[in-house]
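Notes for the one structure printed next.
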Amino acid sequence: MADSSKFTITDNWAGGFYELALELGDRSDERLERALRSAWAVAGVEGCFADRSAEPDAQHPVACTLASLNEHGHLHGIVQLPNGAKTVCGVVAIREDDGPDWLDFYLPLGALGHADPRVNTYLPGDPSDTAAGSFAWRRPIDDWLAEVGAGVYTAVGYQLGLIGWEVSGDTYAADLTGDPAPCQGMGYLVPRHGKVRYFPAAP
């Protein structure tokens, strides 16, 4: 089985992003940088690198700052999953022209498949039992990403958090008028009275 923590295994970066997407609010460089630093720290990411085509020991680290993110587009590192495996990870900012800032902390689906073979049967958006069966591996990762999101909220605050495959922008805080309806493909982190309430994805 391929090593999910290797930058230079091309397949580790394939399949799109399983992510914690945070709707931070109106454009703010200062808040975006604080969210970036907090996500990196709370998740326990090892290193901060710009080049995913070279192993960490073959390149110089970069600062975990908005300036680095603006310069390189994505920042990358290595993180330990709930099952103990280590995997590549990354972060990207999405700054909408007429909307909010988003910060996406992600785990590439290819690397997740190398860390846990059950991931390889997952077809994002598939309404069949294959998708429902993915909760065996998704739930621990979702719950961990929810903990990361709660930690970021304590440090920074945000409008909404979404957990799942390529979920950034799928919905917005302004779209929610109450508790979100159960959703197979996505979990929610909803700020309430100074704390975050976690609504897990549901089969």
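By order of appearance in the structure tokens: chains A, B, ..., then residues from 1 within every chain, and ligands from 1 in the order shown.
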
Which polymer residues have any atom within 12 Å of an atom of Leu81 of chain A, counting only C-alpha atoms, with same-chain residues fewer than 6 positions away left out, as a list in words? Ser4, Ser5, Ala43, Gly44, Val45, Thr87, Val88, Cys89, Leu107, Ala111, Leu112, Ala115, Asp116, Trp137, Arg138, Arg139, Pro140, Ile141, Asp142, Asp143, Trp144, Leu145 and Val148 of chain A

Using DSSP on the backbone coordinates, identify all residues within segment 52-115 of chain A classified as helix (DSSP H, G or I); present the result as number ranges by chain. A: 56-58, 66-72, 109-115

Dump as a PDB file, in the first residue's frame, selection limited to C-alpha atoms:
ATOM      1  CA  PRO A  56       9.438  17.969   3.137  1.00  0.00           C
ATOM      2  CA  ASP A  57      13.051  17.036   3.784  1.00  0.00           C
ATOM      3  CA  ALA A  58      13.943  18.170   0.255  1.00  0.00           C
ATOM      4  CA  LEU A  66      -1.567  34.697   4.663  1.00  0.00           C
ATOM      5  CA  ALA A  67       1.388  36.101   2.727  1.00  0.00           C
ATOM      6  CA  SER A  68       2.609  32.546   2.069  1.00  0.00           C
ATOM      7  CA  LEU A  69      -0.890  31.403   1.143  1.00  0.00           C
ATOM      8  CA  ASN A  70      -1.302  34.319  -1.266  1.00  0.00           C
ATOM      9  CA  GLU A  71       2.076  33.629  -2.838  1.00  0.00           C
ATOM     10  CA  HIS A  72       1.699  29.871  -3.281  1.00  0.00           C
ATOM     11  CA  LEU A 109      -9.245  11.659  -1.093  1.00  0.00           C
ATOM     12  CA  GLY A 110      -6.366   9.777  -2.728  1.00  0.00           C
ATOM     13  CA  ALA A 111      -4.260   9.939   0.403  1.00  0.00           C
ATOM     14  CA  LEU A 112      -7.219   8.926   2.546  1.00  0.00           C
ATOM     15  CA  GLY A 113      -7.619   5.865   0.319  1.00  0.00           C
ATOM     16  CA  HIS A 114      -4.003   4.914   0.951  1.00  0.00           C
ATOM     17  CA  ALA A 115      -4.490   5.433   4.699  1.00  0.00           C
TER      18      ALA A 115
END

Calculated over only C-alpha atoms, which of the candidates A:Thr171, A:Gly90, A:Asp3, A:Tyr188 has the smallest distance to Glu46 of chain A?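 Nearest to Glu46 of chain A: A:Gly90.
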
If you run DSSP on the backbone here, which positions in segment 92-178 of chain A get strand (DSSP E)? Please write them as a PyMOL selection string. chain A and resi 92-95+101-108+160-165

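Taking atom CA of Val91 of chain A as the reference point, atom CA of Phe105 of chain A is found at 4.4 Å.
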
Pick from A:Gly16, A:Gly187, A:Gly194, A:Pro200, whichever lies nearest to Glu166 of chain A using only C-alpha atoms: A:Gly16

Excluding Gly185 of chain A and its own-chain neighbours fewer than 3 positions away, which residues fall within 8 Å of it when counting only C-alpha atoms? Please give them as a list of chain:residue names.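 Once the adjacent positions are removed, what remains is A:Pro124, A:Gly125, A:Gly164, A:Trp165, A:Ala201, A:Ala202.
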
How would the residues just picked look written out with N, CA, C and O atoms as a PDB file, in the first residue's frame?
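Output saved as part-v9.pdb:
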ATOM      1  N   PRO A 124     -18.192  10.190  -4.171  1.00  0.00           N
ATOM      2  CA  PRO A 124     -18.822  11.404  -3.654  1.00  0.00           C
ATOM      3  C   PRO A 124     -20.128  11.726  -4.378  1.00  0.00           C
ATOM      4  O   PRO A 124     -20.207  11.703  -5.603  1.00  0.00           O
ATOM      5  N   GLY A 125     -21.166  11.990  -3.580  1.00  0.00           N
ATOM      6  CA  GLY A 125     -22.466  12.338  -4.147  1.00  0.00           C
ATOM      7  C   GLY A 125     -23.320  11.146  -4.528  1.00  0.00           C
ATOM      8  O   GLY A 125     -24.467  11.311  -4.948  1.00  0.00           O
ATOM      9  N   GLY A 164     -17.078  17.633   4.653  1.00  0.00           N
ATOM     10  CA  GLY A 164     -17.405  16.642   3.637  1.00  0.00           C
ATOM     11  C   GLY A 164     -16.529  16.815   2.417  1.00  0.00           C
ATOM     12  O   GLY A 164     -15.520  17.528   2.446  1.00  0.00           O
ATOM     13  N   TRP A 165     -16.928  16.163   1.330  1.00  0.00           N
ATOM     14  CA  TRP A 165     -16.144  16.209   0.101  1.00  0.00           C
ATOM     15  C   TRP A 165     -16.519  17.443  -0.712  1.00  0.00           C
ATOM     16  O   TRP A 165     -17.683  17.597  -1.118  1.00  0.00           O
ATOM     17  N   ALA A 201     -23.098  14.534   9.563  1.00  0.00           N
ATOM     18  CA  ALA A 201     -23.748  13.948   8.395  1.00  0.00           C
ATOM     19  C   ALA A 201     -24.497  12.698   8.829  1.00  0.00           C
ATOM     20  O   ALA A 201     -24.075  11.997   9.737  1.00  0.00           O
ATOM     21  N   ALA A 202     -25.627  12.444   8.176  1.00  0.00           N
ATOM     22  CA  ALA A 202     -26.489  11.352   8.595  1.00  0.00           C
ATOM     23  C   ALA A 202     -26.734  10.384   7.437  1.00  0.00           C
ATOM     24  O   ALA A 202     -26.981  10.827   6.311  1.00  0.00           O
TER      25      ALA A 202
END

Of the listed residues A:Phe7, A:Phe199, A:Phe17, A:Phe49, that which approaches His74 of chain A most closely, counting only C-alpha atoms: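 For His74 of chain A, the nearest of the candidates is A:Phe49.
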
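Ranking A:Val196, A:Met186, A:Ala2, A:Ala85 by their shortest atom-to-atom distance to Ala150 of chain A, with only C-alpha atoms included, puts A:Val196 first.
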
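The smallest atom-to-atom distance between Asp11 of chain A and any of A:His76, A:His193, A:Arg52, A:Arg27, using only C-alpha atoms, is found for A:Arg52.
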
So, counting only C-alpha atoms, which residue among A:Val62, A:Cys48, A:Ile9, A:Ile94 is closest to Ala21 of chain A?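 Closest candidate: A:Ile94.
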
Asp26 of chain A: which residues within 10 Å, counting only C-alpha atoms, same-chain residues fewer than 4 positions away excluded, as a VMD selection string? chain A and resid 31 95 to 96 98 to 102 158 to 159
